[in-house]
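Report on the structure given below.
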Amino acid sequence: MTALPRGESPGPSATDDDGVVTDEPATVPAPADGTVAGADDEETAGEPGATDGPAASEDTAGGDATASAAPSEAEAELAAQRELLERIEKRKAEKEGPIDAGTKLSGPAADLLAAVRAVESGEKPGAAFFDSPAPSPARRSVPAPAPVRERAAEPVQVRSAPPEAVAAVAAVLAEGGAPEALAGPAAATLGAQAGEALRQDPWQLLSLPGVGPEQADGFARALLGAGCGPDDERRTAALVGWLLERAALQGHTALDAEQVRAALAGRSVSDPEAAVRHAIAEGVVLVFQDGPEGEASEGETSETDAGDEEGAEPAAGAEPVQVFLGLDRYALAEESLADGLARLVNACEKDADWSDAATAAASPSAAELIRTAAAHGLVAHTGGEAARAEPAALIAAAAGLGLRALGATHSVDGRLRLADAVGDAPAAVTLAGLLTGAEGPGRDEEGALALDLLVVLDAPQLDVETGAMLVESLADGTRLVLSGDPGVLGSAGAGRVFADVLAARACPQVVSRTPDPGPIGELVSGIGIGELNQVEAPGKEVVIVPARDAGEAVHRTVQLVADSVPRAIGVPSSDTQVITVGHGGSAGTRALNEALKQRLNPGPGRFGGFDPGDRVAHVPAPGRTVPGVVVSADAEGLHLDCAGSAVVVPQERVAASVRHAWALSAHQAAGMRWPAVVVVLPGDAAQGLSRPWVYTAFSRGERHLSVVHGVDQALPRAVAESPAEARTTRLRTLLEASEG
């Protein structure tokens, strides 16, 4: 295997003028269009298909307001998650004596919970509740395994605002020149007194999706006139919260206080330090200090002194203390997740003899995973696509021992592949379905999942809030295995749970020695270590298609999907997936889907832009993409077939949650695989490339990978020089502190 020469790409050539796969060597000319993708053309980690990127929240206030006016399925799912967390917290609070969690809450966790409760209730917190040592958890007896069952999701009651509240908000919005469509979301977010709240503090408009500081400032000027200015404390507090919410869209659960001050200065705040101190005092954000020993603290100084200490010079010989700011929802989630993982580590006891199962395993890596899971309550397992056979073997082995074992995946496609590997369809569920109760074995009387072993595949897609909900749902003694490929793109939500668990060495780690087979596996393995190697592909498993500009990239892509791949590779168009860098631009998902629809399923789009047979992506919640095919439409809504399951999307939600999906972004494609994949890299995509992006996109194909290549040397540079963008989180620090 040789390194990729300049101007060439892995695999044989692409296509001739008719789109036919040929064997001539491919040379890639420089892009001719000269365009550069802007920030708004990057793919979003929040709701794929709905926006172009994280900067989309700075669009005009009325941009997506109409779609946001009605309660969405995403809001329903978030409401269910909040209800579950509240139920778990209430159950814990009702228990007398020490917390039965294998270890007591102390230090940062106790301080954080006390600080948040003080902000919420105004009562002075006490520490007596945490003084008693926690007893060792009693091991639950292991009953006979119950069959895993699927059940219909229970209807979720979504909070809706009374009509009079919406009318009052609409009047205030009209007075301030804001779109009336924001009235419903504002009333639902801010409560029945939302109209008066906005009149008193117009910058609360920033709490609504799609509203940026410019729109909020204009709204405030219209309402307050000369009574408002850039240093208004209401404005600066709202800006601090907005900055942290925006950072969460990029995956951060906290931000360095210096970054926040710099961003405030860029928004015309004359005294950013005073603004940060005020936001802390008002409870808008929490402050954390991570010391040189890896200790994390919160609430150990008063809010007034916190800002002063940020700018204080460290004592002679002392290492500087980094100060972070975070929103309480993510701070609580990280604290809860760290405590829950420590509880699982400490609560594991021997329940069966796993030695025979390990001996009978099909591979040494599977045997190692079985032995490690038998002895530990928390295990991390890493490997590529072929390594998924190892957690499947673990699930089968546990079931053979009479234990209640289950595997949870990020996507429906992953669930189907896991079910095939285990040989038992009920043993595989989606993680979202498991947590909402739509799939899986159900919960016991205390709200815990009725499981002895849970294996979470696609673990890099686990965000911190979902992770916290997951561990809160596991009883003492339940084994948890986090399994995934650390080379892929991270979660759509805030946090980097899997990466932090690995970095903190919070549990035993099993590294698979099972390589992904074939030329695609060889290519992707090299990308994982920063090398874009040329691979032998005698069966045209990897094909490079040069494209001079974005227009030619779209043309070549349609040829590949509609003609070349079905004819030369034997994979039909319905099993070929296109992946590109962004949603906007001349070769983004929108342009590609329009061209592919015209060729593969032309029609007038009589159902809200869709026709029967259209390939679509349904986004029921941010970060979750469910591929499907349009069946029909009626008064109920748009009827989809999603991997054999009938889904009806209400008419008012179609525009916000359904997109054509012949072409997807790499974030949307994470956790899924197709027989053939066409990755499109137009010239304006260079800035959006990184090693995890290329690794994720190139590894989605099972049998064939075509690369429509127009980025010249930007591709090998991205693989060699652009590792994963760092996310600021506190979970690693918390996990390391819990071990001390």
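FYI, nothing fancy with the structure tokens labels: chains A, B, ... in order, residues from 1 per chain, ligands from 1 as they appear.
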As a short mmCIF file (atom, residue, chain, number, x, y, z; two decimals) with N, CA, C and O atoms, in the first residue's frame, which residues of stretch 519-672 of chain A does DSSP assign to strand (DSSP E or B)?
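Result written to out_8.cif:
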```cif
data_model
loop_
_atom_site.label_atom_id
_atom_site.label_comp_id
_atom_site.auth_asym_id
_atom_site.auth_seq_id
_atom_site.Cartn_x
_atom_site.Cartn_y
_atom_site.Cartn_z
N ASN A 533 -4.59 6.81 1.95
CA ASN A 533 -3.77 5.89 1.17
C ASN A 533 -4.49 5.46 -0.11
O ASN A 533 -5.72 5.42 -0.18
N GLN A 534 -3.70 5.12 -1.11
CA GLN A 534 -4.24 4.52 -2.32
C GLN A 534 -4.41 3.04 -2.08
O GLN A 534 -3.51 2.37 -1.57
N VAL A 542 -13.90 1.02 -4.68
CA VAL A 542 -13.65 2.45 -4.47
C VAL A 542 -13.39 3.08 -5.84
O VAL A 542 -12.50 2.64 -6.57
N VAL A 543 -14.17 4.10 -6.18
CA VAL A 543 -14.06 4.76 -7.48
C VAL A 543 -14.00 6.27 -7.26
O VAL A 543 -14.73 6.81 -6.44
N ILE A 544 -13.11 6.93 -7.97
CA ILE A 544 -12.95 8.38 -7.87
C ILE A 544 -13.50 9.04 -9.13
O ILE A 544 -13.16 8.65 -10.24
N VAL A 545 -14.35 10.03 -8.96
CA VAL A 545 -14.96 10.75 -10.08
C VAL A 545 -14.53 12.21 -10.00
O VAL A 545 -15.00 12.94 -9.14
N PRO A 546 -13.63 12.67 -10.86
CA PRO A 546 -13.23 14.09 -10.81
C PRO A 546 -14.36 15.01 -11.27
O PRO A 546 -15.13 14.67 -12.15
N THR A 576 -28.56 3.12 -2.86
CA THR A 576 -27.39 3.99 -2.98
C THR A 576 -27.68 5.31 -2.28
O THR A 576 -28.71 5.94 -2.55
N GLN A 577 -26.80 5.72 -1.40
CA GLN A 577 -26.98 6.94 -0.64
C GLN A 577 -25.93 7.97 -1.02
O GLN A 577 -24.75 7.66 -1.10
N VAL A 578 -26.37 9.21 -1.23
CA VAL A 578 -25.47 10.32 -1.50
C VAL A 578 -25.20 11.06 -0.20
O VAL A 578 -26.13 11.32 0.58
N ILE A 579 -23.94 11.41 0.06
CA ILE A 579 -23.55 12.15 1.26
C ILE A 579 -22.72 13.35 0.82
O ILE A 579 -21.76 13.21 0.04
N THR A 580 -23.07 14.53 1.31
CA THR A 580 -22.32 15.74 0.97
C THR A 580 -22.09 16.57 2.23
O THR A 580 -22.61 16.25 3.30
N PHE A 607 -47.95 16.75 -2.46
CA PHE A 607 -48.16 16.61 -1.02
C PHE A 607 -47.13 17.47 -0.28
O PHE A 607 -46.16 16.98 0.27
N PHE A 610 -43.87 16.84 -1.84
CA PHE A 610 -43.47 15.43 -1.91
C PHE A 610 -44.46 14.65 -2.77
O PHE A 610 -45.64 15.00 -2.87
N ARG A 615 -37.80 9.49 -1.65
CA ARG A 615 -36.98 9.15 -0.48
C ARG A 615 -36.89 10.37 0.41
O ARG A 615 -36.57 11.47 -0.05
N VAL A 616 -37.18 10.18 1.70
CA VAL A 616 -37.20 11.31 2.62
C VAL A 616 -36.48 10.96 3.90
O VAL A 616 -36.20 9.78 4.20
N ALA A 617 -36.16 11.99 4.67
CA ALA A 617 -35.62 11.84 6.02
C ALA A 617 -36.58 12.51 6.97
O ALA A 617 -36.88 13.70 6.83
N HIS A 618 -37.09 11.75 7.92
CA HIS A 618 -37.96 12.29 8.95
C HIS A 618 -37.09 12.59 10.18
O HIS A 618 -36.33 11.73 10.63
N VAL A 619 -37.20 13.81 10.69
CA VAL A 619 -36.42 14.23 11.85
C VAL A 619 -37.38 14.45 13.02
O VAL A 619 -37.87 15.56 13.24
N PRO A 620 -37.71 13.38 13.78
CA PRO A 620 -38.67 13.54 14.87
C PRO A 620 -38.14 14.34 16.04
O PRO A 620 -38.91 14.85 16.84
N ALA A 621 -36.82 14.42 16.17
CA ALA A 621 -36.19 15.19 17.24
C ALA A 621 -34.82 15.62 16.76
O ALA A 621 -34.23 14.97 15.88
N ARG A 624 -31.83 13.21 15.34
CA ARG A 624 -32.33 11.89 14.94
C ARG A 624 -32.88 11.95 13.53
O ARG A 624 -33.78 12.74 13.24
N THR A 625 -32.32 11.14 12.65
CA THR A 625 -32.77 11.10 11.26
C THR A 625 -33.27 9.70 10.95
O THR A 625 -32.55 8.72 11.12
N VAL A 626 -34.53 9.61 10.50
CA VAL A 626 -35.14 8.32 10.19
C VAL A 626 -35.46 8.31 8.70
O VAL A 626 -36.37 9.00 8.25
N PRO A 627 -34.72 7.53 7.88
CA PRO A 627 -35.01 7.47 6.45
C PRO A 627 -36.35 6.79 6.19
O PRO A 627 -36.78 5.90 6.93
N GLY A 628 -37.01 7.21 5.14
CA GLY A 628 -38.28 6.61 4.78
C GLY A 628 -38.62 6.89 3.34
O GLY A 628 -37.87 7.53 2.60
N VAL A 629 -39.80 6.41 2.94
CA VAL A 629 -40.32 6.62 1.59
C VAL A 629 -41.75 7.11 1.72
O VAL A 629 -42.53 6.59 2.53
N VAL A 630 -42.11 8.12 0.93
CA VAL A 630 -43.46 8.65 0.96
C VAL A 630 -44.42 7.62 0.35
O VAL A 630 -44.18 7.09 -0.73
N VAL A 631 -45.50 7.35 1.08
CA VAL A 631 -46.53 6.42 0.61
C VAL A 631 -47.72 7.18 0.06
O VAL A 631 -48.18 6.93 -1.05
N SER A 632 -48.24 8.10 0.86
CA SER A 632 -49.42 8.86 0.45
C SER A 632 -49.58 10.03 1.40
O SER A 632 -48.76 10.24 2.29
N ALA A 633 -50.67 10.77 1.23
CA ALA A 633 -51.00 11.87 2.13
C ALA A 633 -52.51 12.01 2.18
O ALA A 633 -53.22 11.73 1.20
N ASP A 634 -53.01 12.42 3.35
CA ASP A 634 -54.44 12.67 3.51
C ASP A 634 -54.62 13.72 4.60
O ASP A 634 -53.67 14.42 4.97
N GLY A 637 -52.11 13.60 7.52
CA GLY A 637 -50.75 14.08 7.29
C GLY A 637 -50.06 13.28 6.21
O GLY A 637 -50.70 12.63 5.37
N LEU A 638 -48.73 13.32 6.23
CA LEU A 638 -47.91 12.63 5.24
C LEU A 638 -47.60 11.22 5.74
O LEU A 638 -47.04 11.05 6.83
N HIS A 639 -47.95 10.21 4.96
CA HIS A 639 -47.75 8.82 5.35
C HIS A 639 -46.41 8.33 4.80
O HIS A 639 -46.16 8.41 3.59
N LEU A 640 -45.56 7.81 5.70
CA LEU A 640 -44.23 7.34 5.33
C LEU A 640 -44.08 5.86 5.67
O LEU A 640 -44.71 5.36 6.62
N ASP A 641 -43.24 5.20 4.92
CA ASP A 641 -42.79 3.85 5.25
C ASP A 641 -41.34 3.96 5.68
O ASP A 641 -40.46 4.20 4.86
N CYS A 642 -41.09 3.81 6.99
CA CYS A 642 -39.74 3.93 7.54
C CYS A 642 -39.26 2.55 7.96
O CYS A 642 -39.61 2.06 9.05
N SER A 645 -42.00 0.34 9.05
CA SER A 645 -42.90 0.90 10.04
C SER A 645 -43.66 2.08 9.43
O SER A 645 -43.06 2.95 8.80
N ALA A 646 -44.98 2.09 9.64
CA ALA A 646 -45.80 3.19 9.13
C ALA A 646 -45.69 4.39 10.05
O ALA A 646 -45.86 4.27 11.27
N VAL A 647 -45.38 5.53 9.48
CA VAL A 647 -45.26 6.78 10.24
C VAL A 647 -46.13 7.83 9.56
O VAL A 647 -46.12 7.97 8.34
N VAL A 648 -46.91 8.54 10.37
CA VAL A 648 -47.74 9.63 9.85
C VAL A 648 -47.24 10.93 10.46
O VAL A 648 -47.23 11.11 11.67
N VAL A 649 -46.82 11.84 9.59
CA VAL A 649 -46.34 13.15 10.04
C VAL A 649 -47.47 14.14 9.85
O VAL A 649 -47.94 14.33 8.72
N VAL A 658 -39.57 16.99 7.69
CA VAL A 658 -39.38 16.04 6.58
C VAL A 658 -38.60 16.73 5.47
O VAL A 658 -38.91 17.85 5.08
N ARG A 659 -37.57 16.05 4.98
CA ARG A 659 -36.76 16.54 3.87
C ARG A 659 -36.53 15.41 2.88
O ARG A 659 -36.56 14.23 3.24
N HIS A 660 -36.32 15.75 1.63
CA HIS A 660 -35.89 14.73 0.67
C HIS A 660 -34.54 14.18 1.11
O HIS A 660 -33.72 14.91 1.68
N ALA A 663 -29.96 12.59 -0.85
CA ALA A 663 -28.68 13.11 -0.36
C ALA A 663 -28.84 13.53 1.09
O ALA A 663 -29.82 14.19 1.45
N LEU A 664 -27.87 13.16 1.91
CA LEU A 664 -27.85 13.50 3.33
C LEU A 664 -26.52 14.14 3.68
O LEU A 664 -25.53 14.03 2.94
N SER A 665 -26.47 14.79 4.84
CA SER A 665 -25.19 15.24 5.38
C SER A 665 -24.56 14.08 6.16
O SER A 665 -25.22 13.10 6.50
#
```
Could you list, as JSON, numbers by chain, every residue within 9 Å of A:Arg234, counting only C-alpha atoms and ignoring same-chain residues fewer than 2 positions away? {"A": [201, 202, 203, 204, 231, 232, 236, 237, 238, 239]}
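As for atom CA of A:Glu214 and atom CA of A:Arg267, they are spaced 9.6 Å apart.
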Where does DSSP see alpha helix (DSSP H) in stretch 336-547 of chain A, if you list the residues as an NGL selection string? :A and (336-347 or 355-359 or 364-375 or 389-400 or 412-422 or 431-436 or 464-472 or 497-504 or 518-528)
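For the residues A:Ala192, A:Ala494, A:Ala656, A:Ala387, ranking by smallest atom-to-atom distance to A:Ala254 using only C-alpha atoms places A:Ala494 first.
For the pair atom CA of A:Val412 and atom CA of A:Arg513, the interatomic distance is 26.4 Å.
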Counting only C-alpha atoms, what is within 9 Å of A:His709, bar same-chain residues fewer than 6 positions away, as a PyMOL selection string? chain A and resi 9+28+544-548+553+679-683+715
Residue subset to file, keeping C-alpha atoms, as a tab-separated table (two decimals), in the first residue's frame:
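Written out: result-v3.tsv:
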```
chain	number	residue	atom	x	y	z
A	9	SER	CA	-7.14	9.78	-4.97
A	28	VAL	CA	-8.12	15.76	-10.01
A	544	ILE	CA	-12.95	8.38	-7.87
A	545	VAL	CA	-14.96	10.75	-10.08
A	546	PRO	CA	-13.23	14.09	-10.81
A	547	ALA	CA	-15.46	17.16	-10.98
A	548	ARG	CA	-14.30	20.58	-12.17
A	553	ALA	CA	-20.42	17.41	-9.36
A	679	VAL	CA	-19.67	11.07	-1.36
A	680	VAL	CA	-19.79	14.49	-3.05
A	681	LEU	CA	-16.92	16.93	-2.43
A	682	PRO	CA	-17.46	20.06	-4.54
A	683	GLY	CA	-14.85	22.80	-4.58
A	715	LEU	CA	-9.01	16.23	1.04
```
